[in-house]
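First the structure, in the form of structure tokens, and then the observations on it.
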Amino acid sequence: MEFDLENIDIAWCPGCGNFPLLTALKGALAELAIKPQNLVIVSGIGQAAKAPHYLKTNFFNGLHGRSLPPAAAIKAANPGLVVIAESGDGDMYGEGGNHFIHAIRRNPDITCLIHNNMVYALTKGQASPTSQLGMKTPIQVNGVVEEPINPIALAVAMGASFVARAFAGDIEQTKGIIKQAIGHHGFAIVDIFQPCVSFNKINTYAWFKEHTYYLDGNHNPKDRAAAFRKAVEREKMPLGLIYLGEPRPTFEENVAAQGPLWAKKTDQAILSKLIQDKK
Amino acid sequence: MSRVRGGTNSTSFRISSRRVDAFIDRIDLLIQLDDGRTKHLAKRISAATLVLAADIFNAKALELGNKILANVVAAGVVVGLLRLEPELLTAQVKSYFAKKSEELIGQNVAAALAGIEIGRDLLAKGTIGLDLQPDPAVQNDIILSGAEAIALGALAGGCNFVAAYPMTPSTGIFTYLAQHAAECGLIAEQAEDEIAAINMALGAWYAGARAIVATAGGGFALMVEGISLSGMLETPVVVSLGQRPAPATGLPTRTEQGDLNFALYSGHGEFPRIILAPGSLDEAFDLSQKAFNLADKFQVPVIILSDQYLADSYYNIKPFDLAGVQVENNIIKTAEGYQRYKLTADGLSPRGVPGYGDGLVGVDSDEHDETGHITEDLELRAKMVDKRLAKMGEIMKAVVPPLLIGSDNYQTLVVGWGSNRNIIAEALKVIGDDKIAFLHFSQVYPLPPSTREYLVKAKKVILIENNATGQFGQLIKLQTGYDIQNKILKYNGLPFSVEELVQRLRALEL
């Protein structure tokens with residue numbers, strides 16, 4: 001496949017939910033006929049954030065929690081690029097929570113993939129912002145007591161442009177949702193349930209399968225109230241496109257980004273005029 | 001002071017027949033717009049100061065129908081005293097109130113003219129004597145602030161992206177760029193915080209933009225992870241760091257040179273950087289322009305270290321000359337198999353950007369191989385450290401030398417950096433001793449190699465800094481071994497004044 005990278009030493013544990021997720025992503029990119037040269041994957045830090053090292057792409061693997069600000073800037077600096085921000089739940093919702101909120105407001109035309117395994121895997125098993133109440137860890141010795149963040153409800157409440165959820169255990173459906181997200185014009189959020197086989201013994205493949213269901217034609221993603229009702233379902237959580245916001249201008253459109261900035265020349269005449277204006 | 005409409009504030013104007021560009025204490029004419037609230041100026045008022053009390057303006061304003069006109073009356077008085085053409089002021093008043101009603105504009109014009117009469121009267125009665133001659137040589141001058149000079153310099157350096165979070169004293173830079181974004185094709189974004197701002201700037205540079213972030217110490221504290229990231233990614237970034245008194249919130253709208261060490265040591269790990277410290281509006285423009293070329297060439301963070309005094313001071317200068325201004329862009333078109341971190345002798349790897357050429361451009365905050373992919377190869381780690389640090393050798397070749405003001409044949413050398421330049425230069429002019437020279441540094445890191453040579457030549461060296469611990473002196477000692485014994489330091493939030501420096505220099509038995 002076009003996006004396969006040779007001779008790589010993957011750091012993910014055997015059976016990790018990141019593997020099927022990567023397969024789904026590569027499949028989506030191939031089916032959308034995106035050229036690796038035209039794609040930038042921006043990630044933060046965490047097991048999920050290593051993803052861009054495992055496929056053929058341009059990449060900006062930055063700091064923990066900081067994938068969204070550079071991703072928005074890359075898109076604005078060169079709107080012709082396909083930009084994907086990809087990181088885990090700790091990165092996007094914890095360290096980068098503020099950027100997540102403001103990226104929804106900013107609405108860059110990028111895709112935001114969150115590998116949500118409900119645990120900190122890179123640092124070996126502490127609670128994440130999406131860890132479920134009661135989950136015991138070496139730090140949360142009496143179990144998690146803080147209410148987990150509900151990224152879908154948050155995104156719907158903020159009026160995000162595109163809000164979806166997927167389950168990495170289902171490659172075909174995940175691929176389809178990612179394709180839809182990349183094709184969407186505006187900030188597209190896909191929270192992807194991804195089992196961590198080493199540090200999360202609660203939210204396993206079987207658990208996710210049992211606690212999720214796919215939305216069908218009866219759900220209207222343009223109905224914000226209906227989307228919010230879906231977002232707060234707990235016993236069985238919906239998968240698929242949950243909310244589609246009203247079309248609104250993207251970040252690049254709002255800042256009037258034109259063409260790649262690497263090709264832009266400084267206009268000496270304008271500069272002279274600005275200097276003369278100070279007379 | 002951080003005042004919007006409440007409380008008392010003051011603005012100093014220095015008007016002279018010759019060029020002036022430094023802060024002085026002396027007040028010849030004090031115009032009060034509020035009754036008697038001049039306690040903060042007490043030390044600057046002498047028997048020779050003419051105080052025009054608020055009553056004069058208030059009475060005239062009331063006579064014209066509205067107390068709110070008092071400030072325009074006051075402006076008129078100044079114009080009258082300076083024997084300026086009334087149209088200069090009335091045209092300004094009309095344009096300032098252009099969106100208001102005819103009636104209101106008429107009232108303000110009347111207030112201006114009434115003020116001019118008062119001013120002329122004061123001259124005629126001999127209450128005040130002013131002998132100022134207009135100098136035609138300055139007719140084509142521009143007048144602007146340090147913040148605007150930095151912003152214009154950035155534009156001249158090819159800046160096409162700014163991300164910032166408002167913070168005094170750097171908001172002016174951001175404001176200027178945002179207001180001219182459309183005509184310059186620049187992208188301006190107010191980030192949610194300074195962390196986002198610098199990470200955006202790095203993303204923008206990665207994609208081929210030339211980006212700046214503008215902040216003060218507190219915001220820079222949040223950006224520090226991004227400085228380290230710039231060091232590791234070898235993705236350039238330009239930071240305009242306007243200093244103000246700290247720690248923490250400090251005195252938000254006052255001045256200090258207290259963040260040199262912070263800028264110098266910001267960011268975890270070992271990597272090269274460049275710190276520029278403009279001392280005048282011309283240097284603010286030139287060095288801000290140069291900052292982009294340096295960042296682009298050496299792929300390092302470049303910090304423009306200014307302060308509230310420079311950012312908020314206005315004076316007239318000759319228009320910036322664009323003749324020698326070059327935007328140096330070192331971006332290459334990549335070929336298949338491109339390696340972003342190709343190991344080279346000088347440490348500089350040709351920089352490609354995504355979407356330009358057949359190669360793939362990968363950058364990683366982890367230690368990485370030549371293609372940018374994460375690595376645990378420890379031999380390669382050492383090579384990558386060496387590669388990054390090797391750039392320092394190249395950076396040294398481009399160092400801005402210090403400026404010697406005064407005779408080469410000095411016995412006493414006064415050393416200063418950054419925004420103190422004009423104040424120190426004028427103080428030495430007042431002292432008028434040709435055995436004293438002034439060495440001004442507008443690049444503070446890496447230090448120019450000639451530094452030690454200048455110091456050892458002097459019998460006596462005096463360090464002048466707007467901070468409490470003599471941070472530049474520490475840096476000089478660390479880098480050259482030369483320990484400057486005589487220090488003139490100030491850290492109450494105000495810049496030095498010319499008179500104060502004259503007095504403190506004389507006290508050191510020059």
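The way I read the labels, and the way they are meant: chains A, B, ... in the order of the structure tokens, residue 1 as the first residue of every chain, and ligand 1 as the first ligand shown, with later ones counted on from there.
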- [ ] Pull out every residue of chain B that has at least one atom within 8 Å of chain A, counting only C-alpha atoms, and report them as a VMD selection string.
- [x] chain B and resid 140 to 144 152 155 to 156 158 160 182 to 185 187 to 189 192 196 to 197 199 to 204 206 to 209 229 319 to 320 322 327 331 353 to 355 357 to 366 373 to 374
What would the file look like if the residues just selected were written as a short mmCIF file (atom, residue, chain, number, x, y, z; two decimals), in the first residue's frame with N, CA and C atoms?
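Saved to again19.cif:
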data_model
loop_
_atom_site.label_atom_id
_atom_site.label_comp_id
_atom_site.auth_asym_id
_atom_site.auth_seq_id
_atom_site.Cartn_x
_atom_site.Cartn_y
_atom_site.Cartn_z
N ASN B 140 10.93 65.33 6.61
CA ASN B 140 10.54 64.04 6.03
C ASN B 140 10.72 62.88 7.00
N ASP B 141 10.97 63.21 8.24
CA ASP B 141 11.15 62.15 9.23
C ASP B 141 9.86 61.37 9.45
N ILE B 142 10.03 60.16 9.96
CA ILE B 142 8.88 59.39 10.42
C ILE B 142 8.91 59.41 11.93
N ILE B 143 7.76 59.25 12.54
CA ILE B 143 7.70 59.19 13.99
C ILE B 143 6.92 57.94 14.36
N LEU B 144 7.53 57.12 15.20
CA LEU B 144 6.88 55.86 15.54
C LEU B 144 7.43 55.32 16.85
N LEU B 152 7.41 46.66 11.94
CA LEU B 152 7.81 46.98 10.57
C LEU B 152 9.06 46.20 10.17
N LEU B 155 8.02 42.77 9.24
CA LEU B 155 7.45 42.73 7.88
C LEU B 155 8.56 42.79 6.83
N ALA B 156 9.56 43.62 7.11
CA ALA B 156 10.69 43.73 6.18
C ALA B 156 11.50 42.43 6.15
N GLY B 158 10.13 39.63 6.05
CA GLY B 158 9.30 38.63 5.38
C GLY B 158 8.27 37.98 6.29
N ASN B 160 5.10 36.72 7.75
CA ASN B 160 3.76 36.59 7.17
C ASN B 160 2.81 35.83 8.08
N ALA B 182 -4.20 42.37 6.38
CA ALA B 182 -4.89 42.20 5.08
C ALA B 182 -4.03 42.72 3.93
N GLU B 183 -3.50 43.96 4.08
CA GLU B 183 -2.73 44.52 2.96
C GLU B 183 -1.39 43.82 2.76
N CYS B 184 -0.87 43.22 3.84
CA CYS B 184 0.43 42.55 3.71
C CYS B 184 0.29 41.05 3.42
N GLY B 185 -0.92 40.54 3.42
CA GLY B 185 -1.11 39.11 3.22
C GLY B 185 -0.55 38.30 4.37
N ILE B 187 -0.98 36.42 8.12
CA ILE B 187 -1.98 35.74 8.94
C ILE B 187 -1.76 36.14 10.39
N ALA B 188 -2.78 36.69 11.02
CA ALA B 188 -2.67 37.12 12.42
C ALA B 188 -3.71 36.38 13.22
N GLU B 189 -3.29 35.72 14.28
CA GLU B 189 -4.24 34.97 15.10
C GLU B 189 -3.96 35.21 16.58
N GLU B 192 -5.16 31.11 22.15
CA GLU B 192 -5.82 30.93 23.44
C GLU B 192 -4.84 31.12 24.60
N ALA B 196 -0.04 27.96 22.92
CA ALA B 196 -0.60 27.78 21.58
C ALA B 196 0.11 28.71 20.59
N ALA B 197 0.37 29.95 21.03
CA ALA B 197 0.98 30.93 20.12
C ALA B 197 2.31 30.42 19.57
N ASN B 199 3.52 27.35 19.60
CA ASN B 199 3.36 26.10 18.85
C ASN B 199 2.77 26.36 17.47
N MET B 200 1.90 27.36 17.37
CA MET B 200 1.38 27.77 16.05
C MET B 200 2.52 28.32 15.19
N ALA B 201 3.33 29.18 15.81
CA ALA B 201 4.43 29.78 15.06
C ALA B 201 5.35 28.70 14.52
N LEU B 202 5.59 27.67 15.33
CA LEU B 202 6.48 26.59 14.88
C LEU B 202 5.83 25.79 13.75
N GLY B 203 4.52 25.56 13.86
CA GLY B 203 3.80 24.88 12.78
C GLY B 203 3.87 25.69 11.50
N ALA B 204 3.72 27.00 11.65
CA ALA B 204 3.74 27.88 10.48
C ALA B 204 5.11 27.85 9.80
N TYR B 206 7.31 25.49 10.00
CA TYR B 206 7.47 24.14 9.43
C TYR B 206 6.86 24.08 8.04
N ALA B 207 5.70 24.75 7.88
CA ALA B 207 5.00 24.71 6.60
C ALA B 207 5.52 25.77 5.63
N GLY B 208 6.53 26.55 6.04
CA GLY B 208 7.15 27.49 5.10
C GLY B 208 6.85 28.94 5.35
N ALA B 209 6.09 29.25 6.41
CA ALA B 209 5.81 30.65 6.74
C ALA B 209 7.01 31.24 7.48
N LEU B 229 11.46 23.16 21.88
CA LEU B 229 10.97 22.43 20.70
C LEU B 229 11.63 22.96 19.43
N PRO B 319 13.29 58.05 7.53
CA PRO B 319 12.58 56.82 7.14
C PRO B 319 13.55 55.65 6.97
N PHE B 320 13.09 54.45 7.35
CA PHE B 320 13.94 53.27 7.21
C PHE B 320 14.30 53.08 5.75
N LEU B 322 15.12 50.85 2.74
CA LEU B 322 14.86 49.46 2.33
C LEU B 322 15.87 48.97 1.29
N VAL B 327 15.11 39.69 2.00
CA VAL B 327 14.50 38.54 2.68
C VAL B 327 15.25 37.30 2.19
N ILE B 331 14.68 27.92 1.97
CA ILE B 331 13.86 26.71 1.77
C ILE B 331 14.23 26.05 0.44
N VAL B 353 10.02 21.95 3.03
CA VAL B 353 8.71 22.12 3.66
C VAL B 353 7.72 21.17 3.00
N PRO B 354 6.69 20.75 3.73
CA PRO B 354 5.75 19.79 3.15
C PRO B 354 5.03 20.37 1.93
N GLY B 355 4.86 19.54 0.92
CA GLY B 355 4.11 19.96 -0.26
C GLY B 355 4.93 20.67 -1.31
N GLY B 357 7.98 19.69 -3.52
CA GLY B 357 8.93 18.68 -3.96
C GLY B 357 8.40 17.28 -3.70
N ASP B 358 9.21 16.29 -4.06
CA ASP B 358 8.77 14.89 -3.97
C ASP B 358 9.12 14.25 -2.64
N GLY B 359 9.87 14.95 -1.81
CA GLY B 359 10.29 14.37 -0.54
C GLY B 359 9.23 14.48 0.52
N LEU B 360 9.48 13.78 1.64
CA LEU B 360 8.61 13.89 2.81
C LEU B 360 9.39 14.60 3.90
N VAL B 361 8.72 15.53 4.59
CA VAL B 361 9.39 16.33 5.61
C VAL B 361 8.86 15.93 6.98
N GLY B 362 9.73 15.27 7.75
CA GLY B 362 9.33 14.83 9.08
C GLY B 362 10.15 15.53 10.14
N VAL B 363 9.48 16.05 11.17
CA VAL B 363 10.20 16.65 12.30
C VAL B 363 9.65 16.05 13.58
N ASP B 364 10.53 15.88 14.56
CA ASP B 364 10.13 15.16 15.77
C ASP B 364 10.78 15.76 17.00
N SER B 365 9.97 15.92 18.04
CA SER B 365 10.50 16.44 19.31
C SER B 365 11.29 15.38 20.06
N ASP B 366 11.09 14.11 19.68
CA ASP B 366 11.95 13.05 20.22
C ASP B 366 13.29 13.14 19.51
N HIS B 373 12.57 10.50 12.03
CA HIS B 373 11.84 9.48 12.80
C HIS B 373 12.50 9.22 14.15
N ILE B 374 11.66 8.92 15.11
CA ILE B 374 12.07 8.68 16.50
C ILE B 374 13.15 7.58 16.55
#
Open item on the list: Please identify the helix (DSSP H, G or I) residues within segment 104-221 of chain A (assignment by DSSP from backbone atoms) and present them as a PyMOL selection string.
Closed with: chain A and resi 104-106+151-157+171-183+205-210
Store the residues of this selection in a file with N, CA and C atoms, as an mmCIF file, in the first residue's frame.
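So the final result, stored in out-v8.cif, reads:
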data_model
loop_
_atom_site.group_PDB
_atom_site.id
_atom_site.type_symbol
_atom_site.label_atom_id
_atom_site.label_comp_id
_atom_site.auth_asym_id
_atom_site.auth_seq_id
_atom_site.Cartn_x
_atom_site.Cartn_y
_atom_site.Cartn_z
ATOM 1 N N ILE A 104 -12.034 24.006 18.324
ATOM 2 C CA ILE A 104 -13.442 23.915 17.909
ATOM 3 C C ILE A 104 -13.930 25.307 17.512
ATOM 4 N N ARG A 105 -13.580 26.310 18.315
ATOM 5 C CA ARG A 105 -13.964 27.693 17.994
ATOM 6 C C ARG A 105 -13.296 28.166 16.699
ATOM 7 N N ARG A 106 -12.014 27.818 16.570
ATOM 8 C CA ARG A 106 -11.212 28.307 15.442
ATOM 9 C C ARG A 106 -11.656 27.669 14.137
ATOM 10 N N PRO A 151 -15.911 13.921 25.741
ATOM 11 C CA PRO A 151 -15.470 14.780 24.636
ATOM 12 C C PRO A 151 -16.566 15.028 23.607
ATOM 13 N N ILE A 152 -17.434 14.036 23.437
ATOM 14 C CA ILE A 152 -18.490 14.181 22.425
ATOM 15 C C ILE A 152 -19.478 15.257 22.882
ATOM 16 N N ALA A 153 -19.887 15.150 24.166
ATOM 17 C CA ALA A 153 -20.838 16.141 24.690
ATOM 18 C C ALA A 153 -20.216 17.532 24.662
ATOM 19 N N LEU A 154 -18.921 17.601 25.006
ATOM 20 C CA LEU A 154 -18.217 18.890 24.988
ATOM 21 C C LEU A 154 -18.227 19.482 23.578
ATOM 22 N N ALA A 155 -17.903 18.648 22.618
ATOM 23 C CA ALA A 155 -17.813 19.119 21.231
ATOM 24 C C ALA A 155 -19.187 19.542 20.707
ATOM 25 N N VAL A 156 -20.212 18.792 21.059
ATOM 26 C CA VAL A 156 -21.567 19.161 20.607
ATOM 27 C C VAL A 156 -21.979 20.470 21.278
ATOM 28 N N ALA A 157 -21.672 20.574 22.574
ATOM 29 C CA ALA A 157 -22.030 21.797 23.308
ATOM 30 C C ALA A 157 -21.352 23.021 22.696
ATOM 31 N N ILE A 171 -12.372 -2.226 11.889
ATOM 32 C CA ILE A 171 -11.538 -1.480 10.938
ATOM 33 C C ILE A 171 -12.356 -0.846 9.812
ATOM 34 N N GLU A 172 -13.264 -1.625 9.247
ATOM 35 C CA GLU A 172 -14.036 -1.131 8.090
ATOM 36 C C GLU A 172 -14.847 0.115 8.435
ATOM 37 N N GLN A 173 -15.591 0.029 9.532
ATOM 38 C CA GLN A 173 -16.435 1.163 9.924
ATOM 39 C C GLN A 173 -15.560 2.368 10.324
ATOM 40 N N THR A 174 -14.477 2.088 11.027
ATOM 41 C CA THR A 174 -13.580 3.176 11.444
ATOM 42 C C THR A 174 -13.001 3.883 10.216
ATOM 43 N N LYS A 175 -12.608 3.066 9.250
ATOM 44 C CA LYS A 175 -12.075 3.629 7.996
ATOM 45 C C LYS A 175 -13.102 4.557 7.352
ATOM 46 N N GLY A 176 -14.334 4.102 7.314
ATOM 47 C CA GLY A 176 -15.406 4.897 6.705
ATOM 48 C C GLY A 176 -15.608 6.211 7.430
ATOM 49 N N ILE A 177 -15.595 6.163 8.768
ATOM 50 C CA ILE A 177 -15.796 7.393 9.558
ATOM 51 C C ILE A 177 -14.624 8.356 9.353
ATOM 52 N N ILE A 178 -13.402 7.808 9.315
ATOM 53 C CA ILE A 178 -12.221 8.667 9.102
ATOM 54 C C ILE A 178 -12.293 9.319 7.718
ATOM 55 N N LYS A 179 -12.736 8.541 6.735
ATOM 56 C CA LYS A 179 -12.872 9.107 5.376
ATOM 57 C C LYS A 179 -13.850 10.275 5.370
ATOM 58 N N GLN A 180 -14.952 10.066 6.051
ATOM 59 C CA GLN A 180 -15.968 11.125 6.138
ATOM 60 C C GLN A 180 -15.387 12.370 6.808
ATOM 61 N N ALA A 181 -14.617 12.128 7.875
ATOM 62 C CA ALA A 181 -14.037 13.245 8.634
ATOM 63 C C ALA A 181 -13.043 14.028 7.779
ATOM 64 N N ILE A 182 -12.174 13.302 7.061
ATOM 65 C CA ILE A 182 -11.183 13.981 6.218
ATOM 66 C C ILE A 182 -11.891 14.759 5.112
ATOM 67 N N GLY A 183 -12.980 14.196 4.593
ATOM 68 C CA GLY A 183 -13.719 14.850 3.516
ATOM 69 C C GLY A 183 -14.510 16.056 3.995
ATOM 70 N N TYR A 205 -11.455 -4.976 24.290
ATOM 71 C CA TYR A 205 -12.175 -5.117 23.006
ATOM 72 C C TYR A 205 -13.610 -5.534 23.273
ATOM 73 N N ALA A 206 -13.748 -6.551 24.154
ATOM 74 C CA ALA A 206 -15.084 -7.098 24.425
ATOM 75 C C ALA A 206 -15.961 -6.038 25.092
ATOM 76 N N TRP A 207 -15.357 -5.284 26.013
ATOM 77 C CA TRP A 207 -16.134 -4.259 26.736
ATOM 78 C C TRP A 207 -16.654 -3.203 25.758
ATOM 79 N N PHE A 208 -15.761 -2.733 24.869
ATOM 80 C CA PHE A 208 -16.175 -1.694 23.910
ATOM 81 C C PHE A 208 -17.281 -2.226 22.999
ATOM 82 N N LYS A 209 -17.128 -3.495 22.584
ATOM 83 C CA LYS A 209 -18.115 -4.091 21.690
ATOM 84 C C LYS A 209 -19.475 -4.124 22.381
ATOM 85 N N GLU A 210 -19.434 -4.490 23.642
ATOM 86 C CA GLU A 210 -20.657 -4.632 24.417
ATOM 87 C C GLU A 210 -21.297 -3.276 24.743
#
- [ ] Just the residues within 12 Å of Gln140 of chain A, please, counting only C-alpha atoms, with nothing from its chain fewer than 3 positions along; format it as an MDAnalysis selection string.
- [x] chainID A and resid 119 125:128 131:137 143:146
Find the residues near Leu505 of chain B: any atom within 10 Å, counting only C-alpha atoms, skip ones fewer than 6 places away on the same chain, and give them as an mmCIF file with C-alpha atoms, in the first residue's frame.
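result17.cif written:
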data_model
loop_
_atom_site.group_PDB
_atom_site.id
_atom_site.type_symbol
_atom_site.label_atom_id
_atom_site.label_comp_id
_atom_site.auth_asym_id
_atom_site.auth_seq_id
_atom_site.Cartn_x
_atom_site.Cartn_y
_atom_site.Cartn_z
ATOM 1 C CA VAL B 414 30.905 52.350 29.697
ATOM 2 C CA ILE B 424 23.801 56.458 27.924
ATOM 3 C CA ALA B 427 24.650 61.279 29.238
ATOM 4 C CA LEU B 428 28.207 60.856 27.934
ATOM 5 C CA ILE B 431 29.749 64.819 30.436
ATOM 6 C CA ILE B 462 31.433 50.715 34.056
ATOM 7 C CA ILE B 464 24.977 50.122 33.143
ATOM 8 C CA ASN B 486 31.689 49.245 38.567
ATOM 9 C CA LYS B 487 27.988 48.907 38.097
ATOM 10 C CA ILE B 488 25.186 51.399 37.718
ATOM 11 C CA GLU B 499 20.451 63.524 34.257
#
Open item on the list: From a backbone DSSP assignment, name each residue in segment 28-248 of chain B labelled strand (DSSP E), as a ChimeraX atom specification.
Closed with: /B:29-31,50-52,142-145,161-164,187-190,211-216,237-243
Open item on the list: Could you list, as a VMD selection string, every residue within 6 Å of Ala188 of chain A, counting only C-alpha atoms and ignoring same-chain residues fewer than 5 positions away?
Closed with: chain A and resid 111 to 112 162 181
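You can rank B:Ala458, B:Ser16, B:Phe161, B:Asp55 by their closest distance to Leu82 of chain B using only C-alpha atoms, and at the top of that list sits B:Ser16.
Here atom CA of Lys39 of chain B is placed at a distance of 18.5 Å from atom CA of Arg5 of chain B.
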Task: Spatial neighbours of segment 294-304 of chain B, max dist 10 Å, only C-alpha atoms, sep filter under 6 positions, as a ChimeraX atom specification - done: /B:150,157,202,205,208,210,212-214,226-242,263-264,271-278,284,287-288,327-331,347-351,388,391-392,394-395,398-399,418,442-443,445
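The list of residues with at least one atom within 8 Å of Ala149 of chain B, based on only C-alpha atoms and without residues fewer than 4 positions apart in the same chain, reads Leu144, Ser145, Gly153, Leu281, Asp282, Ala284 and Phe285 of chain B.
Shortest separation to Ile195 of chain B among B:Tyr165, B:Phe97, B:Phe496, B:Tyr265 occurs at residue B:Tyr165, atoms counted being only C-alpha atoms.
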Task: Between atom CA of Glu376 of chain B and atom CA of Lys124 of chain A - distance in Å to one decimal - done: 18.7 Å
